[in-house]
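**Student:** Next comes the structure file query_3.txt, holding compact mmCIF, C-alpha atoms.
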# COMPACT_ATOMS: atom_id res chain seq x y z
CA MET A 1 -29.56 1.36 17.68
CA GLU A 2 -25.94 2.23 16.89
CA LEU A 3 -24.83 -0.40 19.36
CA ILE A 4 -26.72 -3.08 17.43
CA GLU A 5 -25.41 -1.84 14.07
CA SER A 6 -21.88 -1.94 15.42
CA TYR A 7 -22.45 -5.46 16.81
CA LEU A 8 -23.79 -6.65 13.44
CA ASN A 9 -20.82 -5.09 11.64
CA ARG A 10 -18.50 -7.02 13.93
CA VAL A 11 -20.39 -10.26 13.28
CA ARG A 12 -20.18 -9.64 9.54
CA SER A 13 -16.46 -8.90 9.67
CA HIS A 14 -15.88 -12.37 11.14
CA LEU A 15 -18.30 -14.33 8.93
CA HIS A 16 -15.98 -14.77 5.90
CA LEU A 17 -18.83 -16.09 3.73
CA ASP A 18 -20.15 -15.06 0.35
CA PRO A 19 -21.90 -11.66 0.37
CA ARG A 20 -25.34 -13.13 -0.33
CA THR A 21 -25.20 -15.53 2.63
CA GLU A 22 -23.73 -12.85 4.87
CA GLY A 23 -26.53 -10.48 3.87
CA ARG A 24 -29.16 -13.10 4.70
CA ILE A 25 -27.62 -13.87 8.11
CA ILE A 26 -27.25 -10.21 9.07
CA ARG A 27 -30.78 -9.45 7.94
CA GLU A 28 -32.18 -12.26 10.07
CA LEU A 29 -30.14 -11.17 13.10
CA LYS A 30 -31.35 -7.61 12.56
CA SER A 31 -34.93 -8.83 12.57
CA HIS A 32 -34.15 -10.84 15.74
CA PHE A 33 -32.81 -7.73 17.47
CA ALA A 34 -35.84 -5.70 16.40
CA GLU A 35 -38.14 -8.33 18.00
CA GLN A 36 -36.06 -8.51 21.15
CA VAL A 37 -35.84 -4.72 21.55
CA ALA A 38 -39.61 -4.42 21.01
CA GLU A 39 -40.22 -7.03 23.73
CA LEU A 40 -37.87 -5.30 26.16
CA ARG A 41 -39.48 -1.91 25.42
CA GLU A 42 -42.86 -3.39 26.29
CA ARG A 43 -41.41 -4.30 29.68
CA GLY A 44 -40.62 -0.61 30.20
CA MET A 45 -36.91 -0.55 29.48
CA GLY A 46 -35.25 2.53 27.89
CA ALA A 47 -34.13 2.38 24.24
CA GLN A 48 -30.40 2.42 25.04
CA ASP A 49 -30.75 -0.23 27.77
CA CYS A 50 -32.77 -2.44 25.43
CA ALA A 51 -30.00 -2.37 22.82
CA LYS A 52 -27.35 -3.08 25.48
CA GLU A 53 -29.35 -6.00 26.87
CA ALA A 54 -30.03 -7.43 23.39
CA VAL A 55 -26.34 -7.30 22.48
CA ARG A 56 -25.33 -8.77 25.85
CA CYS A 57 -27.73 -11.70 25.38
CA SER A 58 -26.24 -12.52 21.97
CA GLY A 59 -22.71 -13.20 23.22
CA ARG A 60 -19.44 -12.39 21.49
CA PRO A 61 -19.78 -11.47 17.80
CA GLN A 62 -16.76 -13.64 16.95
CA SER A 63 -18.38 -16.72 18.54
CA LEU A 64 -21.67 -16.11 16.75
CA ALA A 65 -19.87 -15.63 13.42
CA ARG A 66 -17.82 -18.81 13.98
CA LEU A 67 -21.01 -20.86 14.45
CA PHE A 68 -22.43 -19.59 11.14
CA TYR A 69 -19.06 -20.13 9.44
CA ALA A 70 -19.13 -23.79 10.54
CA VAL A 71 -22.59 -24.19 8.94
CA TYR A 72 -21.68 -22.73 5.57
CA CYS A 73 -17.95 -23.21 5.06
CA GLN A 74 -17.91 -26.94 4.41
CA GLY A 75 -18.07 -27.89 0.75
CA SER A 76 -19.53 -31.16 -0.50
CA TRP A 77 -17.39 -34.01 -1.84
CA THR A 78 -18.34 -32.83 -5.33
CA ASP A 79 -16.93 -29.38 -4.49
CA ALA A 80 -13.75 -31.03 -3.19
CA LEU A 81 -13.41 -33.02 -6.43
CA LEU A 82 -13.93 -29.89 -8.52
CA ALA A 83 -11.26 -28.04 -6.52
CA LEU A 84 -8.87 -30.95 -7.10
CA GLN A 85 -9.20 -30.86 -10.91
CA PRO A 86 -6.91 -27.94 -11.90
CA HIS A 87 -4.12 -29.34 -9.69
CA LEU A 88 -4.50 -32.76 -11.29
CA LEU A 89 -4.49 -31.17 -14.73
CA VAL A 90 -1.15 -29.48 -14.03
CA ALA A 91 0.18 -32.70 -12.46
CA ALA A 92 -0.85 -34.58 -15.62
CA LEU A 93 0.95 -32.02 -17.80
CA PHE A 94 4.15 -32.81 -15.92
CA LEU A 95 3.58 -36.55 -15.75
CA THR A 96 3.19 -36.74 -19.54
CA HIS A 97 5.82 -34.04 -20.15
CA LEU A 98 3.20 -32.22 -22.23
CA TRP A 99 4.03 -28.94 -20.53
CA THR A 100 6.58 -28.42 -23.32
CA SER A 101 3.82 -28.40 -25.96
CA PRO A 102 2.48 -24.86 -26.49
CA LEU A 103 -0.71 -26.22 -28.07
CA VAL A 104 -1.54 -28.43 -25.08
CA LEU A 105 -0.70 -25.58 -22.69
CA LEU A 106 -2.93 -23.20 -24.63
CA ALA A 107 -5.85 -25.67 -24.62
CA SER A 108 -5.37 -26.52 -20.91
CA PHE A 109 -5.08 -22.98 -19.60
CA GLY A 110 -7.78 -21.79 -22.01
CA GLY A 111 -10.09 -24.34 -20.39
CA VAL A 112 -9.01 -23.28 -16.90
CA LEU A 113 -9.66 -19.63 -17.76
CA TYR A 114 -13.09 -20.48 -19.16
CA VAL A 115 -14.10 -22.32 -15.96
CA ALA A 116 -12.69 -19.49 -13.81
CA LEU A 117 -14.56 -16.77 -15.70
CA SER A 118 -17.87 -18.60 -15.91
CA GLY A 119 -17.65 -19.58 -12.22
CA TRP A 120 -16.81 -16.00 -11.26
CA ALA A 121 -19.92 -14.80 -13.09
CA ARG A 122 -22.05 -17.45 -11.33
CA GLY A 123 -21.41 -16.37 -7.74
CA ARG A 124 -17.87 -17.68 -7.09
CA PRO A 125 -18.40 -21.02 -5.30
CA ASN A 126 -15.52 -22.04 -3.01
CA TRP A 127 -14.22 -24.77 -5.36
CA LEU A 128 -13.56 -22.12 -8.00
CA TYR A 129 -10.63 -20.41 -6.25
CA PRO A 130 -7.90 -22.86 -7.36
CA TRP A 131 -9.16 -22.43 -10.95
CA ILE A 132 -8.85 -18.64 -10.64
CA GLY A 133 -5.33 -19.03 -9.27
CA TYR A 134 -4.24 -21.27 -12.16
CA SER A 135 -5.84 -19.02 -14.76
CA LEU A 136 -3.21 -16.41 -13.81
CA THR A 137 -0.33 -18.82 -14.53
CA PRO A 138 0.16 -18.01 -18.27
CA LEU A 139 0.50 -14.34 -17.39
CA ILE A 140 3.08 -15.09 -14.68
CA ALA A 141 5.03 -17.30 -17.08
CA THR A 142 5.02 -14.63 -19.78
CA VAL A 143 6.24 -12.03 -17.29
CA PHE A 144 9.10 -14.29 -16.17
CA TYR A 145 10.06 -15.27 -19.71
CA SER A 146 10.10 -11.69 -20.96
CA MET A 147 11.99 -10.18 -18.03
CA ASP A 148 15.41 -10.52 -19.62
CA PHE A 149 14.21 -9.06 -22.91
CA VAL A 150 12.45 -6.17 -21.14
CA TYR A 151 15.55 -5.43 -19.10
CA ARG A 152 17.79 -5.33 -22.19
CA SER A 153 15.35 -3.25 -24.22
CA ALA A 154 14.81 -0.77 -21.41
CA ARG A 155 18.57 -0.42 -20.96
CA ASP A 156 19.06 0.22 -24.71
CA LEU A 157 16.32 2.82 -24.67
CA LEU A 158 17.83 4.59 -21.67
CA LEU A 159 21.27 4.53 -23.28
CA GLY A 160 19.76 6.48 -26.18
CA SER A 161 19.57 3.97 -29.03
CA ARG A 162 17.17 4.82 -31.89
CA LEU A 163 13.54 3.70 -31.80
CA SER A 164 13.08 0.27 -33.33
CA LEU A 165 10.73 -2.72 -33.38
CA GLN A 166 12.37 -3.83 -30.15
CA HIS A 167 10.97 -0.75 -28.41
CA VAL A 168 7.47 -1.46 -29.68
CA GLN A 169 7.82 -4.95 -28.22
CA LEU A 170 9.02 -3.38 -24.98
CA LEU A 171 5.89 -1.23 -24.88
CA LEU A 172 3.75 -4.32 -25.44
CA PHE A 173 5.45 -6.15 -22.59
CA VAL A 174 5.11 -3.17 -20.25
CA THR A 175 1.38 -3.10 -21.07
CA LEU A 176 1.24 -6.83 -20.36
CA TYR A 177 2.99 -6.29 -17.00
CA ALA A 178 0.47 -3.58 -16.12
CA LEU A 179 -2.38 -5.89 -17.14
CA PHE A 180 -0.93 -8.73 -15.07
CA ILE A 181 -0.46 -6.55 -11.98
CA GLY A 182 -3.92 -5.05 -12.43
CA LEU A 183 -5.66 -8.41 -12.88
CA MET A 184 -3.78 -10.00 -10.00
CA ALA A 185 -4.51 -7.05 -7.69
CA LEU A 186 -8.17 -6.90 -8.71
CA SER A 187 -8.83 -10.59 -8.18
CA VAL A 188 -6.84 -10.79 -4.92
CA VAL A 189 -8.50 -7.65 -3.51
CA ARG A 190 -11.99 -8.91 -4.44
CA VAL A 191 -11.32 -12.25 -2.78
CA VAL A 192 -9.57 -10.73 0.25
CA LYS A 193 -12.66 -8.55 0.83
CA ARG A 194 -14.58 -11.76 1.30
CA ASP A 195 -11.99 -13.84 3.15
CA TRP A 196 -8.19 -13.60 3.18
CA LEU A 197 -7.98 -17.36 3.65
CA LEU A 198 -9.72 -17.94 0.30
CA ALA A 199 -7.22 -15.57 -1.34
CA SER A 200 -4.38 -17.64 0.15
CA TYR A 201 -6.18 -20.79 -1.04
CA MET A 202 -6.38 -19.27 -4.52
CA ILE A 203 -2.70 -18.41 -4.82
CA PHE A 204 -1.10 -21.16 -2.75
CA PRO A 205 0.35 -23.08 -5.77
CA LEU A 206 2.17 -19.91 -6.85
CA PRO A 207 5.39 -20.49 -4.82
CA VAL A 208 5.84 -23.92 -6.46
CA LEU A 209 5.09 -22.51 -9.90
CA GLY A 210 7.29 -19.49 -9.16
CA VAL A 211 10.31 -21.66 -8.29
CA TRP A 212 9.81 -23.76 -11.42
CA ILE A 213 9.19 -20.87 -13.83
CA SER A 214 12.15 -18.89 -12.47
CA GLU A 215 14.36 -21.96 -12.95
CA ILE A 216 13.28 -22.63 -16.55
CA ALA A 217 13.58 -18.93 -17.34
CA ARG A 218 17.11 -18.94 -15.84
CA ILE A 219 18.26 -22.06 -17.69
CA GLY A 220 16.43 -21.00 -20.83
CA VAL A 221 14.52 -24.19 -21.62
CA ARG A 222 12.56 -23.70 -24.82
CA PHE A 223 9.17 -25.18 -25.55
CA ASN A 224 9.11 -28.23 -27.82
CA SER A 225 12.69 -29.00 -26.74
CA ALA A 226 13.88 -32.38 -25.55
CA ASP A 227 16.21 -30.91 -22.95
CA PRO A 228 17.13 -33.77 -20.56
CA ALA A 229 17.11 -31.35 -17.60
CA SER A 230 13.43 -30.68 -18.18
CA TYR A 231 12.58 -34.40 -17.77
CA ALA A 232 14.24 -34.47 -14.36
CA TRP A 233 11.68 -31.95 -13.09
CA ASP A 234 8.61 -33.91 -14.12
CA ARG A 235 8.47 -36.33 -11.22
CA PRO A 236 8.87 -33.86 -8.32
CA MET A 237 6.50 -31.39 -10.02
CA THR A 238 3.86 -34.13 -10.48
CA ALA A 239 4.21 -35.14 -6.82
CA ALA A 240 3.99 -31.51 -5.68
CA PHE A 241 0.80 -30.81 -7.66
CA VAL A 242 -0.89 -34.02 -6.52
CA LEU A 243 -0.04 -32.97 -2.94
CA LEU A 244 -1.44 -29.48 -3.55
CA GLY A 245 -4.58 -31.01 -5.08
CA ILE A 246 -5.23 -33.29 -2.11
CA CYS A 247 -4.76 -30.30 0.18
CA ALA A 248 -7.17 -28.19 -1.94
CA ALA A 249 -9.84 -30.91 -1.71
CA LEU A 250 -9.40 -31.47 2.04
CA PHE A 251 -9.45 -27.73 2.67
CA LEU A 252 -13.06 -27.56 1.52
CA ARG A 253 -14.13 -30.47 3.73
CA ILE A 254 -12.63 -29.06 6.93
CA ARG A 255 -14.92 -26.92 9.08
CA ARG A 256 -12.41 -25.46 11.53
CA ARG A 257 -10.71 -22.33 10.31
CA LEU A 258 -7.47 -22.88 12.21
CA ALA A 259 -7.15 -26.40 10.80
CA ARG A 260 -7.61 -24.96 7.29
CA ILE A 261 -4.84 -22.40 7.86
CA LEU A 262 -2.46 -25.06 9.20
CA LEU A 263 -3.21 -27.46 6.34
CA LEU A 264 -2.63 -24.79 3.70
CA GLY A 265 0.56 -23.56 5.36
CA ALA A 266 2.09 -27.00 5.85
CA THR A 267 1.28 -28.20 2.32
CA CYS A 268 2.48 -25.04 0.59
CA LEU A 269 5.70 -25.06 2.61
CA GLY A 270 6.28 -28.79 2.07
CA ALA A 271 5.62 -28.66 -1.70
CA THR A 272 7.81 -25.57 -2.24
CA ILE A 273 10.73 -27.04 -0.31
CA LEU A 274 10.36 -30.37 -2.15
CA VAL A 275 10.35 -28.74 -5.58
CA GLY A 276 12.94 -26.11 -4.68
CA ARG A 277 15.50 -28.61 -3.41
CA VAL A 278 15.15 -30.87 -6.45
CA LEU A 279 15.06 -28.12 -9.03
CA LEU A 280 17.64 -25.77 -7.62
CA GLN A 281 19.88 -28.67 -6.46
CA THR A 282 21.30 -26.59 -3.68
CA SER A 283 20.68 -26.39 0.04
CA THR A 284 22.42 -23.17 0.96
CA MET A 285 20.92 -21.23 3.82
CA LEU A 286 19.83 -18.45 1.47
CA THR A 287 17.95 -20.86 -0.80
CA LEU A 288 16.30 -22.55 2.16
CA ARG A 289 15.28 -19.20 3.61
CA LEU A 290 13.80 -18.21 0.27
CA LEU A 291 11.94 -21.51 0.00
CA VAL A 292 10.45 -21.02 3.46
CA GLY A 293 9.86 -17.28 3.05
CA LEU A 294 8.10 -17.45 -0.31
CA PRO A 295 5.17 -19.66 0.80
CA LEU A 296 4.84 -17.83 4.11
CA PHE A 297 4.66 -14.52 2.27
CA THR A 298 2.14 -15.90 -0.23
CA LEU A 299 -0.10 -17.20 2.51
CA LEU A 300 0.17 -14.27 4.90
CA ALA A 301 0.10 -11.37 2.43
CA PRO A 302 -3.70 -11.71 1.94
CA ALA A 303 -4.17 -11.62 5.74
CA LEU A 304 -2.19 -8.37 5.94
CA LEU A 305 -4.14 -7.00 3.00
CA GLU A 306 -7.41 -7.77 4.76
CA GLN A 307 -6.20 -5.80 7.78
CA ILE A 308 -5.71 -2.79 5.50
CA LEU A 309 -8.79 -3.16 3.29
CA GLY A 310 -11.27 -4.43 5.85
CA HIS A 311 -13.91 -7.04 5.21
CA GLY A 312 -16.95 -6.62 2.93
CA GLU A 313 -19.27 -3.65 3.09
CA PRO A 314 -20.22 -2.15 6.47
CA ILE A 315 -23.90 -2.24 7.39
CA ARG A 316 -25.53 1.16 7.18
CA PRO A 317 -28.85 1.87 8.94
CA ALA A 318 -30.56 2.72 5.63
CA GLN A 319 -29.35 -0.52 4.06
CA ASP A 320 -31.18 -3.82 4.24
CA SER A 321 -34.67 -2.41 4.33
CA GLY A 322 -36.28 -5.80 4.60
CA ARG A 323 -36.99 -6.66 1.00
CA PRO A 324 -36.61 -10.36 0.23
CA GLN A 325 -33.29 -11.25 -1.32
CA ALA A 326 -32.80 -13.61 -4.24
CA ARG A 327 -30.98 -16.79 -3.22
CA MET V 1 -18.33 -34.60 32.86
CA LEU V 2 -21.33 -33.67 30.76
CA ASN V 3 -23.05 -30.48 31.82
CA GLU V 4 -26.50 -29.26 30.94
CA LYS V 5 -25.15 -27.14 28.07
CA GLU V 6 -23.50 -30.12 26.39
CA LEU V 7 -26.59 -32.29 26.89
CA LEU V 8 -28.72 -29.63 25.27
CA ARG V 9 -26.38 -28.95 22.34
CA GLY V 10 -26.92 -32.38 20.79
CA ASN V 11 -30.69 -32.11 21.11
CA THR V 12 -31.21 -28.52 19.95
CA PRO V 13 -31.87 -29.47 16.29
CA SER V 14 -34.56 -31.99 17.34
CA LEU V 15 -36.07 -29.48 19.75
CA LEU V 16 -36.29 -26.77 17.08
CA LEU V 17 -37.60 -29.22 14.49
CA TYR V 18 -40.32 -30.33 16.90
CA LEU V 19 -41.39 -26.77 17.74
CA ILE V 20 -41.47 -25.78 14.07
CA ALA V 21 -43.63 -28.81 13.30
CA LYS V 22 -45.94 -28.04 16.22
CA SER V 23 -46.40 -24.37 15.43
CA GLY V 24 -46.68 -24.84 11.67
CA ARG V 25 -44.88 -21.60 10.86
CA ILE V 26 -42.58 -19.73 13.24
CA HIS V 27 -39.68 -17.25 13.20
CA GLY V 28 -36.37 -17.49 15.07
CA TYR V 29 -37.23 -15.13 17.89
CA GLY V 30 -40.61 -16.85 18.26
CA LEU V 31 -38.78 -20.13 18.82
CA ILE V 32 -36.65 -18.56 21.57
CA GLN V 33 -39.81 -17.26 23.27
CA GLU V 34 -41.57 -20.60 22.87
CA ILE V 35 -38.67 -22.53 24.41
CA ARG V 36 -38.48 -20.07 27.32
CA SER V 37 -42.22 -20.26 27.90
CA ARG V 38 -42.53 -24.07 27.59
CA SER V 39 -39.57 -24.67 29.92
CA LYS V 40 -40.94 -22.01 32.33
CA GLY V 41 -37.80 -19.93 31.91
CA TYR V 42 -35.38 -22.83 32.50
CA PHE V 43 -33.95 -22.66 28.97
CA GLN V 44 -32.80 -19.21 27.86
CA PHE V 45 -31.67 -19.75 24.28
CA ARG V 46 -29.41 -17.18 22.63
CA ALA V 47 -29.34 -16.08 19.00
CA GLY V 48 -26.09 -18.04 18.62
CA THR V 49 -27.80 -21.25 19.74
CA VAL V 50 -30.85 -20.97 17.52
CA TYR V 51 -29.96 -19.32 14.21
CA PRO V 52 -26.94 -21.40 13.14
CA VAL V 53 -28.97 -24.55 13.89
CA LEU V 54 -31.92 -23.22 11.86
CA HIS V 55 -29.59 -22.50 8.94
CA LYS V 56 -28.10 -26.00 9.22
CA LEU V 57 -31.57 -27.58 9.24
CA GLU V 58 -32.52 -25.51 6.21
CA GLN V 59 -29.35 -26.54 4.42
CA GLU V 60 -30.21 -30.20 5.09
CA GLY V 61 -33.67 -29.60 3.60
CA LEU V 62 -35.49 -30.38 6.85
CA ILE V 63 -37.08 -26.94 7.13
CA ARG V 64 -37.85 -24.12 4.71
CA GLY V 65 -37.36 -20.44 5.50
CA GLU V 66 -39.29 -17.59 3.89
CA TRP V 67 -39.33 -13.87 4.48
CA ALA V 68 -42.75 -12.56 5.38
CA ALA V 69 -43.94 -8.96 5.52
CA GLN V 70 -45.59 -7.49 8.61
CA ALA V 71 -47.57 -4.28 8.66
CA GLY V 72 -45.34 -1.41 9.86
CA ARG V 73 -42.59 -3.71 11.13
CA GLN V 74 -39.42 -5.29 9.90
CA GLN V 75 -39.84 -8.50 7.92
CA ARG V 76 -39.31 -11.82 9.65
CA ARG V 77 -37.97 -15.08 8.35
CA HIS V 78 -40.54 -17.77 9.04
CA TYR V 79 -39.72 -21.45 9.07
CA THR V 80 -41.90 -24.41 8.14
CA ILE V 81 -41.08 -28.12 8.29
CA THR V 82 -40.64 -30.05 5.02
CA GLU V 83 -41.71 -33.63 4.28
CA LYS V 84 -38.11 -34.73 4.74
CA GLY V 85 -38.08 -32.85 8.05
CA LYS V 86 -41.25 -34.62 9.23
CA LYS V 87 -39.69 -38.02 8.56
CA ALA V 88 -36.44 -37.00 10.29
CA LEU V 89 -38.40 -35.67 13.28
CA SER V 90 -40.38 -38.89 13.62
CA ARG V 91 -37.12 -40.91 13.63
CA ARG V 92 -35.50 -38.57 16.14
CA LEU V 93 -38.53 -38.65 18.45
CA SER V 94 -38.69 -42.45 18.54
CA THR V 95 -34.93 -42.60 19.25
CA TRP V 96 -35.42 -40.06 22.03
CA VAL V 97 -38.33 -42.00 23.58
CA GLU V 98 -36.34 -45.26 23.51
CA PHE V 99 -33.31 -43.50 24.99
CA THR V 100 -35.19 -41.79 27.83
CA THR V 101 -37.12 -45.00 28.62
CA ALA V 102 -33.83 -46.89 28.93
CA MET V 103 -32.29 -44.12 31.02
CA ASN V 104 -35.30 -44.06 33.35
CA LEU V 105 -35.15 -47.84 33.74
CA ILE V 106 -31.54 -47.54 34.84
CA LEU V 107 -31.99 -44.51 37.05
CA GLN V 108 -35.22 -45.52 38.88
CA PRO V 109 -34.66 -47.18 42.28
CA ARG V 110 -34.79 -50.98 42.20
CA GLY V 111 -38.16 -52.49 43.15
CA SER V 112 -40.14 -49.31 42.56
Spit out the file's structure as structure tokens when you get a sec.

**Tutor:**
Amino acid sequence: MELIESYLNRVRSHLHLDPRTEGRIIRELKSHFAEQVAELRERGMGAQDCAKEAVRCSGRPQSLARLFYAVYCQGSWTDALLALQPHLLVAALFLTHLWTSPLVLLASFGGVLYVALSGWARGRPNWLYPWIGYSLTPLIATVFYSMDFVYRSARDLLLGSRLSLQHVQLLLFVTLYALFIGLMALSVVRVVKRDWLLASYMIFPLPVLGVWISEIARIGVRFNSADPASYAWDRPMTAAFVLLGICAALFLRIRRRLARILLLGATCLGATILVGRVLLQTSTMLTLRLLVGLPLFTLLAPALLEQILGHGEPIRPAQDSGRPQAR
Amino acid sequence: MLNEKELLRGNTPSLLLYLIAKSGRIHGYGLIQEIRSRSKGYFQFRAGTVYPVLHKLEQEGLIRGEWAAQAGRQQRRHYTITEKGKKALSRRLSTWVEFTTAMNLILQPRGS
């Protein structure tokens, strides 16, 4: 039966669906194999030959998994609309220039975090991933904004200055960095274990946000300020987030995996280059390479991570004893 | 050119829906056996042909799947047709009858 277990593990590794659905599919296939093997045994075939024949009859595990993926991967139009919302929210913050208001930002990202956490607790539907991605934005912004301060404080500490309030703040920021890295790693790893493409889908606005945050951190735009430079960013940022939102909605409606990868890649690349060229106002080769490299890295890093971590939990013979599963 | 596989692909959901309705309650492997037996071995359906279609039909609310225990054996997932499925099947069958009648009228030799 090891041959069948190994076949089912290969099917599961290509399913890329939520664990509950995967469990249901694998359990049904397992029951199918048990029936088929029993029938072949009745015809007088040996146990090993029965397993070989059953696996041969079922075709390539990748093809079987792809057929199931096509059944379950497509979200409804409601799902697509829900996935569009956080992108539109960020676009609206730029359109109205309200991104400079800490109160509005707090309310907006508080709402995003609430949706992300409650959705995570309710089985992580596919539309939730953009919300999870955006809920990490305040942490990223804080890390960027504090980098200069952390660098200066760490340098002072190393040069042997006396302990002061600044060092307590440094400790707080280092804790925040650890929290950020931990949260980011935890969420990405959990999502990658299900499907690297969903992890890419979750973090694909990050290059655009990264370019913008690094630029405001570099120039030193303060919140509540009426800096004319900050108004110049509003239009390209609004356009970029509307583009990302349309892509996020379409992504859920597309059934073919390759088409999803291409859509995500092209949109992320296009939006990052658009924002990067307007914001950085430079087209040197280095900048262009960075603008192309950043989205590619963001999209492909989860795929590499999946290669290292593997997909889901392997099926063990003792597992899946046949008890009905809650849907 | 259309081959037998492509012809069958479009009609597999109707075929499965019909067999589920006829048998009342049947599992996936039972459907494969039924198709093989009714077609006298002409159609040899694979797991990949049957199960994704069953899941799609269930998602559309045309059939309902339930795990059922068997004495001393692994549980099976049995499927039954829903009211929505019965209506869909009746529509599909009348379309099929009209289609095959028209095809036969075209294909039969003139004057026969």

**Student:** Residues of chain V within 12 Å of chain A, using only C-alpha atoms, as a CSV table (one decimal) with C-alpha atoms, in the frame of the given file?

**Tutor:**
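Final output, part12.csv:
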chain,number,residue,atom,x,y,z
V,27,HIS,CA,-39.7,-17.2,13.2
V,28,GLY,CA,-36.4,-17.5,15.1
V,29,TYR,CA,-37.2,-15.1,17.9
V,30,GLY,CA,-40.6,-16.8,18.3
V,31,LEU,CA,-38.8,-20.1,18.8
V,32,ILE,CA,-36.6,-18.6,21.6
V,33,GLN,CA,-39.8,-17.3,23.3
V,44,GLN,CA,-32.8,-19.2,27.9
V,45,PHE,CA,-31.7,-19.8,24.3
V,46,ARG,CA,-29.4,-17.2,22.6
V,47,ALA,CA,-29.3,-16.1,19.0
V,48,GLY,CA,-26.1,-18.0,18.6
V,49,THR,CA,-27.8,-21.2,19.7
V,50,VAL,CA,-30.8,-21.0,17.5
V,51,TYR,CA,-30.0,-19.3,14.2
V,52,PRO,CA,-26.9,-21.4,13.1
V,53,VAL,CA,-29.0,-24.6,13.9
V,54,LEU,CA,-31.9,-23.2,11.9
V,55,HIS,CA,-29.6,-22.5,8.9
V,56,LYS,CA,-28.1,-26.0,9.2
V,57,LEU,CA,-31.6,-27.6,9.2
V,58,GLU,CA,-32.5,-25.5,6.2
V,59,GLN,CA,-29.4,-26.5,4.4
V,60,GLU,CA,-30.2,-30.2,5.1
V,65,GLY,CA,-37.4,-20.4,5.5
V,66,GLU,CA,-39.3,-17.6,3.9
V,67,TRP,CA,-39.3,-13.9,4.5
V,68,ALA,CA,-42.8,-12.6,5.4
V,69,ALA,CA,-43.9,-9.0,5.5
V,70,GLN,CA,-45.6,-7.5,8.6
V,72,GLY,CA,-45.3,-1.4,9.9
V,73,ARG,CA,-42.6,-3.7,11.1
V,74,GLN,CA,-39.4,-5.3,9.9
V,75,GLN,CA,-39.8,-8.5,7.9
V,76,ARG,CA,-39.3,-11.8,9.6
V,77,ARG,CA,-38.0,-15.1,8.4
V,78,HIS,CA,-40.5,-17.8,9.0
V,79,TYR,CA,-39.7,-21.4,9.1

**Student:** Excluding Thr272 in chain A and residues on its chain fewer than 6 positions from it, collect all residues at most 12 Å away from it, counting only C-alpha atoms, and give them as number ranges by chain.

**Tutor:** A: 204-212, 236-237, 239-241, 243-244, 265-266, 278-280, 287-296, 298

**Student:** As AutoDock Vina command-line options, what would the box around range 290-296 of chain A look like: edges along x, y and z, 6 Å added on every side, centre and edge lengths in Å to one decimal?

**Tutor:**
--center_x 9.3 --center_y -19.4 --center_z 1.9 --size_x 21.0 --size_y 16.2 --size_z 16.4

**Student:** Please report the interatomic distance between CA of Phe144 in chain A and CA of Ala217 in chain A in Å with one decimal.

**Tutor:**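 Atom-to-atom, CA of Phe144 in chain A and CA of Ala217 in chain A are spaced 6.6 Å apart.
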
**Student:** Can you work out the spacing between CA of His16 in chain A and CA of Met184 in chain A in Å, to one decimal?

**Tutor:**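 Interatomic distance, CA of His16 in chain A to CA of Met184 in chain A: 20.6 Å.
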
**Student:** Compile the contact shell of Leu89 in chain V as a list in words: residues with an atom at most 8 Å away, counting all atoms listed in the file, same-chain residues fewer than 2 positions apart removed.

**Tutor:** Ser14, Leu17, Tyr18, Gly85, Lys86, Lys87, Arg91, Arg92 and Leu93 of chain V

**Student:** Nearest to Ala83 in chain A: which of A:Ala51, A:Ile246, A:Leu106, A:Leu165 is it, counting all atoms listed in the file?

**Tutor:**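 Closest to Ala83 in chain A of all the choices is A:Ile246.
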
**Student:** Figure out the distance between CA of Glu306 in chain A and CA of Ala259 in chain A, please, to one decimal in Å.

**Tutor:**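 Separation of CA of Ala259 in chain A and CA of Glu306 in chain A: 19.6 Å.
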
**Student:** Choose the residue, out of A:Leu176, A:Ile261, A:Met202, A:Val188, that has the smallest atom-to-atom separation from Trp131 in chain A; count only C-alpha atoms.

**Tutor:**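 Between A:Leu176, A:Ile261, A:Met202, A:Val188, the residue approaching Trp131 in chain A most closely is A:Met202.
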
**Student:** Could you tell me which of V:Glu83, V:Phe43, V:Trp96, V:Gly10 comes closest to Gly61 in chain V if we count all atoms listed in the file?

**Tutor:**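 For Gly61 in chain V, the nearest of the given residues is V:Glu83.
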